[in-house]
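Next comes target_36.cif, a file with mmCIF, C-alpha atoms.
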```
data_structure
#
loop_
_atom_site.label_atom_id
_atom_site.label_comp_id
_atom_site.auth_asym_id
_atom_site.auth_seq_id
_atom_site.Cartn_x
_atom_site.Cartn_y
_atom_site.Cartn_z
CA MET A 16 17.99 12.76 -27.10
CA SER A 17 17.93 15.98 -29.17
CA GLN A 18 19.65 19.19 -28.22
CA SER A 19 16.48 20.96 -27.10
CA LYS A 20 16.45 23.72 -24.50
CA TYR A 21 15.36 21.31 -21.76
CA ARG A 22 17.14 17.96 -21.58
CA PHE A 23 16.10 16.33 -18.32
CA VAL A 24 16.28 12.99 -16.58
CA PHE A 25 13.86 12.04 -13.83
CA ILE A 26 15.27 9.52 -11.35
CA GLN A 27 13.12 7.34 -9.13
CA PRO A 28 14.33 6.92 -5.53
CA PHE A 29 14.22 3.13 -5.70
CA ALA A 30 12.99 0.11 -7.62
CA ILE A 31 11.58 -3.07 -6.13
CA ASP A 32 11.12 -6.54 -7.54
CA SER A 33 8.38 -6.79 -10.16
CA GLU A 34 6.97 -9.79 -8.28
CA SER A 35 6.76 -7.99 -4.94
CA GLU A 36 3.37 -8.04 -3.27
CA PHE A 37 3.98 -4.39 -2.35
CA LEU A 38 4.48 -3.17 -5.92
CA THR A 39 1.56 -0.89 -6.84
CA TRP A 40 2.96 1.10 -9.77
CA THR A 41 3.79 0.37 -13.41
CA VAL A 42 7.31 -0.89 -14.14
CA GLU A 43 6.99 -1.75 -17.84
CA GLY A 44 5.94 0.39 -20.79
CA GLU A 45 6.56 3.85 -22.21
CA LYS A 46 8.12 6.50 -20.01
CA GLU A 47 4.77 8.26 -19.63
CA GLN A 48 3.38 5.05 -18.14
CA LEU A 49 6.34 4.70 -15.79
CA LEU A 50 6.12 8.25 -14.45
CA MET A 51 3.73 7.94 -11.54
CA ASN A 52 0.44 9.87 -11.90
CA TYR A 53 1.30 11.15 -15.39
CA GLU A 54 -2.34 10.98 -16.46
CA ASN A 55 -3.99 11.57 -13.10
CA LEU A 56 -2.11 14.84 -12.48
CA GLY A 57 -1.96 15.94 -16.12
CA LEU A 58 1.83 16.09 -15.97
CA GLY A 59 2.15 16.25 -19.75
CA ARG A 60 1.31 19.95 -19.74
CA TYR A 61 4.39 20.68 -17.64
CA LEU A 62 6.63 18.66 -19.94
CA GLU A 63 5.73 20.22 -23.28
CA GLY A 64 8.93 21.07 -25.13
CA VAL A 65 10.99 18.98 -22.70
CA ASP A 66 13.14 16.07 -23.87
CA TRP A 67 13.18 13.75 -20.89
CA ASP A 68 14.27 10.31 -19.83
CA PHE A 69 12.97 8.22 -16.96
CA HIS A 70 15.32 6.24 -14.73
CA PRO A 71 13.73 3.57 -12.48
CA GLY A 72 16.25 4.23 -9.70
CA PRO A 73 18.49 1.84 -7.80
CA ARG A 74 17.23 -1.50 -6.58
CA ALA A 75 16.05 -0.91 -3.01
CA PRO A 76 18.89 -2.21 -0.82
CA TYR A 77 16.65 -2.92 2.19
CA GLY A 78 13.94 -5.12 0.65
CA ASP A 79 10.95 -5.14 -1.72
CA TRP A 80 8.62 -2.50 -0.30
CA PRO A 81 8.33 1.32 -0.47
CA VAL A 82 10.77 3.42 1.54
CA GLU A 83 9.33 4.73 4.80
CA ASN A 84 11.74 5.09 7.75
CA ARG A 85 15.07 6.86 8.22
CA GLU A 86 17.21 3.77 7.75
CA GLU A 87 15.54 2.99 4.44
CA PHE A 88 15.82 6.61 3.27
CA ALA A 89 19.55 6.64 4.06
CA LEU A 90 20.17 3.44 2.13
CA VAL A 91 18.18 4.66 -0.86
CA ALA A 92 19.93 8.04 -0.85
CA ALA A 93 23.38 6.47 -1.03
CA ALA A 94 22.28 4.11 -3.81
CA ARG A 95 20.79 6.87 -5.96
CA LEU A 96 23.85 9.13 -5.94
CA ALA A 97 25.79 6.92 -8.35
CA ILE A 98 22.95 7.32 -10.86
CA VAL A 99 22.99 11.09 -10.43
CA LYS A 100 26.74 11.20 -11.03
CA GLU A 101 26.46 8.99 -14.10
CA ALA A 102 23.73 11.24 -15.52
CA CYS A 103 25.90 14.32 -14.99
CA GLU A 104 28.94 12.69 -16.58
CA SER A 105 26.96 11.53 -19.61
CA GLY A 106 26.66 15.04 -21.02
CA ARG A 107 23.11 14.23 -22.12
CA TYR A 108 21.25 16.38 -19.60
CA ASN A 109 21.10 19.98 -18.44
CA GLY A 110 18.70 19.26 -15.58
CA ILE A 111 17.99 16.44 -13.12
CA MET A 112 14.88 15.91 -11.05
CA LEU A 113 14.72 13.49 -8.15
CA LEU A 114 11.38 11.74 -8.05
CA GLY A 115 9.96 10.64 -4.69
CA GLY A 116 8.32 12.80 -2.04
CA GLY A 117 11.00 12.38 0.63
CA GLU A 118 13.74 13.35 -1.85
CA PRO A 119 16.44 11.00 -0.48
CA GLY A 120 19.93 12.23 -1.32
CA ALA A 121 18.71 15.63 -2.53
CA LEU A 122 21.43 17.78 -0.97
CA GLU A 123 24.15 15.36 -1.99
CA ALA A 124 22.74 15.19 -5.52
CA ARG A 125 22.79 18.98 -5.74
CA GLU A 126 26.43 18.93 -4.67
CA ILE A 127 27.21 16.48 -7.47
CA GLY A 128 25.20 18.53 -9.95
CA LYS A 129 27.11 21.67 -8.99
CA ARG A 130 30.37 20.09 -10.16
CA TYR A 131 28.87 19.89 -13.65
CA ASN A 132 26.81 23.12 -13.48
CA ILE A 133 23.61 21.07 -13.69
CA PRO A 134 20.61 22.08 -11.55
CA VAL A 135 18.92 19.36 -9.50
CA THR A 136 15.40 19.72 -8.12
CA SER A 137 13.34 17.55 -5.80
CA CYS A 138 9.76 17.25 -4.65
CA ALA A 139 9.70 18.40 -1.02
CA THR A 140 11.96 21.41 -1.42
CA ALA A 141 10.17 22.51 -4.59
CA GLN A 142 6.78 22.34 -2.86
CA PHE A 143 8.03 24.34 0.12
CA GLN A 144 9.48 27.04 -2.10
CA VAL A 145 6.45 27.32 -4.37
CA ALA A 146 4.14 27.32 -1.34
CA SER A 147 6.08 30.25 0.13
CA MET A 148 5.41 32.20 -3.07
CA VAL A 149 1.63 31.91 -2.81
CA GLY A 150 0.94 31.92 0.93
CA GLN A 151 2.41 32.66 4.35
CA LYS A 152 1.97 29.17 5.84
CA PHE A 153 1.73 25.70 4.34
CA SER A 154 0.65 22.36 5.74
CA ILE A 155 1.67 18.89 4.62
CA ILE A 156 -0.57 15.85 4.21
CA ASP A 157 1.32 12.62 4.76
CA LEU A 158 0.65 9.02 5.80
CA ALA A 159 2.83 6.80 8.03
CA GLU A 160 4.23 8.44 11.15
CA SER A 161 7.76 7.11 10.55
CA HIS A 162 7.71 8.72 7.10
CA ALA A 163 6.21 11.91 8.50
CA MET A 164 8.91 12.34 11.15
CA TYR A 165 11.60 11.93 8.51
CA TYR A 166 9.79 14.39 6.25
CA ARG A 167 9.30 16.91 9.06
CA ASN A 168 13.08 17.32 9.22
CA LEU A 169 13.09 18.34 5.55
CA VAL A 170 11.16 21.47 6.54
CA THR A 171 13.97 22.45 8.90
CA GLN A 172 16.65 21.46 6.40
CA ALA A 173 15.03 23.72 3.80
CA GLY A 174 14.91 26.66 6.24
CA MET A 175 11.11 26.80 6.12
CA GLU A 176 10.23 26.68 9.82
CA ASN A 177 8.59 30.10 9.72
CA ARG A 178 6.40 29.03 6.79
CA PHE A 179 5.40 25.65 8.23
CA ALA A 180 1.91 25.40 9.74
CA SER A 181 1.49 21.68 10.40
CA MET A 182 1.70 18.13 9.16
CA ARG A 183 -1.57 16.22 9.06
CA LEU A 184 -1.57 12.43 8.73
CA ILE A 185 -4.19 10.20 7.14
CA PRO A 186 -4.47 6.58 8.37
CA TYR A 187 -3.96 4.91 4.99
CA PRO A 188 -0.37 3.63 4.74
CA LEU A 189 1.45 1.97 1.89
CA GLY A 190 2.03 -1.77 2.04
CA ARG A 191 5.09 -3.15 3.82
CA PRO A 192 5.97 -6.14 6.02
CA GLY A 193 3.92 -6.04 9.20
CA TYR A 194 1.04 -4.25 7.55
CA ASP A 195 -1.13 -7.12 6.40
CA ASP A 196 -4.46 -5.42 5.76
CA GLN A 197 -3.59 -4.03 2.34
CA ALA A 198 -7.27 -4.10 1.36
CA ASP A 199 -7.51 -0.66 2.99
CA SER A 200 -4.13 0.69 1.88
CA LEU A 201 -3.74 3.99 0.06
CA PRO A 202 -3.01 2.39 -3.35
CA VAL A 203 -6.34 0.54 -3.12
CA HIS A 204 -8.12 3.82 -2.46
CA LYS A 205 -6.27 5.43 -5.36
CA ALA A 206 -7.60 2.83 -7.77
CA ARG A 207 -11.07 3.25 -6.32
CA ALA A 208 -11.01 7.05 -6.63
CA LEU A 209 -9.65 6.97 -10.19
CA ARG A 210 -12.57 4.71 -11.14
CA GLY A 211 -14.90 7.44 -9.88
CA GLU A 212 -15.91 5.54 -6.75
CA ASP A 213 -16.17 6.97 -3.26
CA SER A 214 -13.03 6.69 -1.16
CA SER A 215 -12.73 7.25 2.58
CA ALA A 216 -9.05 8.11 2.03
CA VAL A 217 -10.04 11.03 -0.19
CA LYS A 218 -12.48 12.27 2.44
CA ALA A 219 -9.82 11.88 5.13
CA ALA A 220 -7.37 13.95 3.06
CA VAL A 221 -9.93 16.69 2.46
CA ASP A 222 -10.82 16.69 6.16
CA ALA A 223 -7.12 16.94 7.05
CA ALA A 224 -6.61 19.83 4.64
CA GLU A 225 -9.62 21.70 6.01
CA ALA A 226 -8.45 21.15 9.59
CA ALA A 227 -5.03 22.53 8.62
CA ILE A 228 -6.74 25.65 7.29
CA LEU A 229 -9.11 26.16 10.22
CA GLU A 230 -6.96 25.02 13.12
CA ASP A 231 -3.34 25.46 12.01
CA GLY A 232 -3.41 28.60 9.91
CA ALA A 233 -2.40 26.94 6.65
CA GLN A 234 -2.91 28.97 3.49
CA VAL A 235 -1.41 26.37 1.14
CA ILE A 236 -1.69 22.57 1.16
CA THR A 237 1.20 20.33 0.10
CA PHE A 238 1.86 16.58 0.15
CA GLY A 239 4.62 14.43 1.67
CA CYS A 240 5.09 10.93 0.27
CA SER A 241 4.79 10.75 -3.52
CA GLY A 242 2.29 7.98 -2.87
CA THR A 243 -0.10 10.74 -1.78
CA PHE A 244 0.40 13.03 -4.81
CA TRP A 245 -2.55 11.49 -6.66
CA LEU A 246 -4.80 13.07 -4.02
CA GLN A 247 -4.01 16.61 -5.21
CA PRO A 248 -6.94 17.13 -7.62
CA PHE A 249 -9.34 15.41 -5.25
CA VAL A 250 -8.31 17.57 -2.30
CA LYS A 251 -8.40 20.71 -4.46
CA ALA A 252 -11.94 19.89 -5.60
CA GLY A 253 -13.05 18.83 -2.11
CA LEU A 254 -11.85 22.08 -0.56
CA LEU A 255 -13.58 24.12 -3.27
CA GLU A 256 -16.84 22.32 -2.51
CA ARG A 257 -16.44 23.43 1.10
CA GLY A 258 -15.72 27.02 0.09
CA TRP A 259 -11.92 27.04 0.35
CA ASP A 260 -10.11 28.39 -2.72
CA VAL A 261 -6.51 27.71 -1.70
CA PRO A 262 -3.45 26.43 -3.60
CA VAL A 263 -3.01 22.66 -3.38
CA LEU A 264 0.42 21.54 -4.58
CA GLU A 265 2.13 18.24 -5.36
CA GLY A 266 5.82 17.63 -5.79
CA TYR A 267 6.18 16.56 -9.41
CA SER A 268 4.70 19.61 -11.14
CA ALA A 269 6.45 21.94 -8.67
CA ALA A 270 9.86 20.34 -9.26
CA PHE A 271 9.41 20.08 -13.05
CA THR A 272 8.53 23.75 -13.31
CA GLN A 273 11.31 24.79 -10.95
CA LEU A 274 13.85 22.88 -13.03
CA LYS A 275 12.77 24.67 -16.20
CA LEU A 276 13.02 27.99 -14.38
CA LEU A 277 16.59 27.30 -13.29
CA VAL A 278 17.58 26.38 -16.84
CA ASP A 279 15.89 29.53 -18.16
CA LEU A 280 17.83 31.64 -15.65
CA GLY A 281 21.09 29.81 -16.30
CA LEU A 282 21.37 28.87 -12.63
CA ASP A 283 22.50 25.86 -10.65
CA ALA A 284 23.46 25.68 -6.98
CA SER A 285 25.66 28.27 -5.28
CA SER A 286 29.30 27.30 -4.90
CA LEU A 287 29.14 28.75 -1.37
CA MET A 288 26.47 26.22 -0.43
CA PHE A 289 28.29 23.40 -2.20
CA PRO A 290 31.97 24.38 -2.30
CA ALA A 291 34.42 22.51 -4.47
CA ASP A 292 36.92 20.30 -2.68
CA ARG A 293 39.53 22.99 -3.31
CA PRO A 294 37.63 26.23 -4.03
CA MET A 295 39.33 29.17 -5.70
CA ARG A 296 38.65 31.22 -2.58
CA SER A 297 37.63 30.20 0.95
CA ARG A 298 35.82 32.08 3.72
CA ASP A 299 37.20 32.78 7.17
CA LYS A 300 33.80 32.47 8.85
CA ILE A 301 30.53 30.70 8.13
CA LEU A 302 27.44 31.76 10.09
#
```
Give the structure from this file in structure tokens form.
Amino acid sequence: MSQSKYRFVFIQPFAIDSESEFLTWTVEGEKEQLLMNYENLGLGRYLEGVDWDFHPGPRAPYGDWPVENREEFALVAAARLAIVKEACESGRYNGIMLLGGGEPGALEAREIGKRYNIPVTSCATAQFQVASMVGQKFSIIDLAESHAMYYRNLVTQAGMENRFASMRLIPYPLGRPGYDDQADSLPVHKARALRGEDSSAVKAAVDAAEAAILEDGAQVITFGCSGTFWLQPFVKAGLLERGWDVPVLEGYSAAFTQLKLLVDLGLDASSLMFPADRPMRSRDKIL
């Protein structure tokens, strides 16, 4: 890796067995092929001038399917932190982005990054913060309810309650044990939509976004699980067709751009948010 201004590593939240029936993304090839939705979302334009590596993440410790519930998120978070620490210690990078919509281990990764003065960004927090720059209220489109309830807590964790309008769910989950009808799963609809075919999942997402605008007061639309990010251009176009010119965000471009901004400003996390084990000075009171 050269010594360019931006030297980043993007770390997946987990990896599953290449033979898993629930694997719906590319695990072999160039880094652009491994980065989910690189072509679909036009991510290359955000990465111009960036030297970046892709890390597939830790092997999922719970099984061979996508993370969805709190237990799985906790296991994945703990497993990913060792990779974050190794990346910081390598001296190769001046920025780390955590891939994955639910950003498992994000706060802990930022604490690790602070020790090395390396900024760490992640998809949910970046979307919330960008959404608050362009509108008063944002809504989230997500899929499985177990994932959505975990993700809902991220809004509170990020201090965005006063900017949160709603979370709208679409009934197209990812594959996992107990969900046998994968013929109607979201990855199937993604392939269909990218071929230019009609998809009821796309319509459901556009309907959910419009309902968030009309019924919940949303002025910005965001997405939860990274498995929904591919919907961004379809929802944006669908809302425009219905007369709604509103920002529609997804986590990757928001977090990429935020990471470049932090490097440009020479910023990482505050030492008051992530104090050292033995800080130079300590407070008497924390509100």
Sorted by chain and rising residue number, list the residues of region 114-163 of chain A at most 10 Å from region 244-258 of chain A (counting all atoms listed in the file), each with its closest atom pair and distance in Å to one decimal, as CSV.
```
residue,atom,partner,partner_atom,distance
A:Gly115,CA,A:Phe244,CA,9.9
A:Gly116,CA,A:Phe244,CA,8.4
A:Ile156,CA,A:Phe244,CA,9.5
A:Asp157,CA,A:Phe244,CA,9.6
```
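Within the 9 Å cut-off around Ala208 (chain A), using only C-alpha atoms and omitting residues fewer than 6 positions from it on the same chain, the listed residues are Ser214, Ala216, Val217 and Phe249 of chain A.
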Near region 21-42 of chain A, 7 Å: region 67-149 of chain A residue rows, closest pairs, all atoms listed in the file, as JSON lines:
```
{"residue": "A:Trp67", "atom": "CA", "partner": "A:Phe23", "partner_atom": "CA", "distance": 4.7}
{"residue": "A:Asp68", "atom": "CA", "partner": "A:Val24", "partner_atom": "CA", "distance": 4.7}
{"residue": "A:Phe69", "atom": "CA", "partner": "A:Phe25", "partner_atom": "CA", "distance": 5.0}
{"residue": "A:His70", "atom": "CA", "partner": "A:Ile26", "partner_atom": "CA", "distance": 4.7}
{"residue": "A:Pro71", "atom": "CA", "partner": "A:Gln27", "partner_atom": "CA", "distance": 5.1}
{"residue": "A:Gly72", "atom": "CA", "partner": "A:Gln27", "partner_atom": "CA", "distance": 4.4}
{"residue": "A:Pro73", "atom": "CA", "partner": "A:Phe29", "partner_atom": "CA", "distance": 4.9}
{"residue": "A:Arg74", "atom": "CA", "partner": "A:Ala30", "partner_atom": "CA", "distance": 4.7}
{"residue": "A:Ala75", "atom": "CA", "partner": "A:Phe29", "partner_atom": "CA", "distance": 5.2}
{"residue": "A:Asp79", "atom": "CA", "partner": "A:Ile31", "partner_atom": "CA", "distance": 4.9}
{"residue": "A:Trp80", "atom": "CA", "partner": "A:Phe37", "partner_atom": "CA", "distance": 5.4}
{"residue": "A:Val91", "atom": "CA", "partner": "A:Phe29", "partner_atom": "CA", "distance": 6.4}
{"residue": "A:Arg95", "atom": "CA", "partner": "A:Pro28", "partner_atom": "CA", "distance": 6.5}
{"residue": "A:Tyr108", "atom": "CA", "partner": "A:Arg22", "partner_atom": "CA", "distance": 4.8}
{"residue": "A:Asn109", "atom": "CA", "partner": "A:Arg22", "partner_atom": "CA", "distance": 5.4}
{"residue": "A:Gly110", "atom": "CA", "partner": "A:Phe23", "partner_atom": "CA", "distance": 4.8}
{"residue": "A:Ile111", "atom": "CA", "partner": "A:Val24", "partner_atom": "CA", "distance": 5.2}
{"residue": "A:Met112", "atom": "CA", "partner": "A:Phe25", "partner_atom": "CA", "distance": 4.9}
{"residue": "A:Leu113", "atom": "CA", "partner": "A:Ile26", "partner_atom": "CA", "distance": 5.1}
{"residue": "A:Leu114", "atom": "CA", "partner": "A:Gln27", "partner_atom": "CA", "distance": 4.9}
{"residue": "A:Gly115", "atom": "CA", "partner": "A:Pro28", "partner_atom": "CA", "distance": 5.8}
{"residue": "A:Pro119", "atom": "CA", "partner": "A:Pro28", "partner_atom": "CA", "distance": 6.8}
```
Can those selected residues be exported to a file as a JSON list (two decimals), in the frame of the given file so that it contains C-alpha atoms?
```
[["chain", "number", "residue", "atom", "x", "y", "z"],
["A", 67, "TRP", "CA", 13.18, 13.75, -20.89],
["A", 68, "ASP", "CA", 14.27, 10.31, -19.83],
["A", 69, "PHE", "CA", 12.97, 8.22, -16.96],
["A", 70, "HIS", "CA", 15.32, 6.24, -14.73],
["A", 71, "PRO", "CA", 13.73, 3.57, -12.48],
["A", 72, "GLY", "CA", 16.25, 4.23, -9.70],
["A", 73, "PRO", "CA", 18.49, 1.84, -7.80],
["A", 74, "ARG", "CA", 17.23, -1.50, -6.58],
["A", 75, "ALA", "CA", 16.05, -0.91, -3.01],
["A", 79, "ASP", "CA", 10.95, -5.14, -1.72],
["A", 80, "TRP", "CA", 8.62, -2.50, -0.30],
["A", 91, "VAL", "CA", 18.18, 4.66, -0.86],
["A", 95, "ARG", "CA", 20.79, 6.87, -5.96],
["A", 108, "TYR", "CA", 21.25, 16.38, -19.60],
["A", 109, "ASN", "CA", 21.10, 19.98, -18.44],
["A", 110, "GLY", "CA", 18.70, 19.26, -15.58],
["A", 111, "ILE", "CA", 17.99, 16.44, -13.12],
["A", 112, "MET", "CA", 14.88, 15.91, -11.05],
["A", 113, "LEU", "CA", 14.72, 13.49, -8.15],
["A", 114, "LEU", "CA", 11.38, 11.74, -8.05],
["A", 115, "GLY", "CA", 9.96, 10.64, -4.69],
["A", 119, "PRO", "CA", 16.44, 11.00, -0.48]]
```
**OP:** I would like the residues chosen by the PyMOL selection byres ((chain A and resi 138) around 10) on the shown file; could you give them as a VMD selection string?
**Re:** chain A and resid 112 to 118 121 136 to 137 139 to 143 238 to 241 265 to 271 273
**OP:** Counting only C-alpha atoms, figure out which residue out of A:Pro186, A:Gln144, A:Val149, A:Val65 gets nearest to Ala173 (chain A).
**Re:** A:Gln144
Original post:
Got a sec to resolve the PyMOL selection byres ((chain A and resi 286-295) around 6) on this structure and send the residues as a PyMOL selection string?
Top reply: chain A and resi 126+285+296
Original post:
With all atoms listed in the file as the basis for distance, which of A:Asn55, A:Ser215, A:Asn132, A:Ser105 is at the shortest distance from Ala284 (chain A)?
Top reply: A:Asn132
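Each of A:Gly150, A:Gly211, A:Gly44, A:Pro188 was compared to Ile236 (chain A) using all atoms listed in the file, and A:Gly150 turns out to be the nearest.
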Subject >> Selection: 9 Å around Ala163 (chain A), only C-alpha atoms, excl. self and same-chain fewer than 2 positions, as an NGL selection string >> reply: :A and (83-84 or 156-161 or 165-168 or 182-184 or 239-240)
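Checking A:Leu302, A:Ala146, A:Lys275, A:Pro202 one by one against Gly64 (chain A), counting all atoms listed in the file, you find the shortest gap at A:Lys275.
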Subject >> 10 Å contact set for Lys152 (chain A), only C-alpha atoms, chain neighbours under 4 positions out, as a PyMOL selection string >> reply: chain A and resi 143+146-147+175-181+228+231-236
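Each of A:Ala102, A:Leu96, A:Ala227, A:Met164 was compared to Leu122 (chain A) using all atoms listed in the file, and A:Leu96 turns out to be the nearest.
Residue nearest Ile155 (chain A), chosen from A:Ala219, A:Val263, A:Ala97, A:Leu58 and counting only C-alpha atoms: A:Val263.
Here CA of Cys103 (chain A) stands at a distance of 7.9 Å from CA of Ile127 (chain A).
Across the structure, CA of Glu123 (chain A) and CA of Asp66 (chain A) are spaced 24.5 Å apart.
As for CA of Asp199 (chain A) and CA of Glu86 (chain A), they are spaced 25.6 Å apart.
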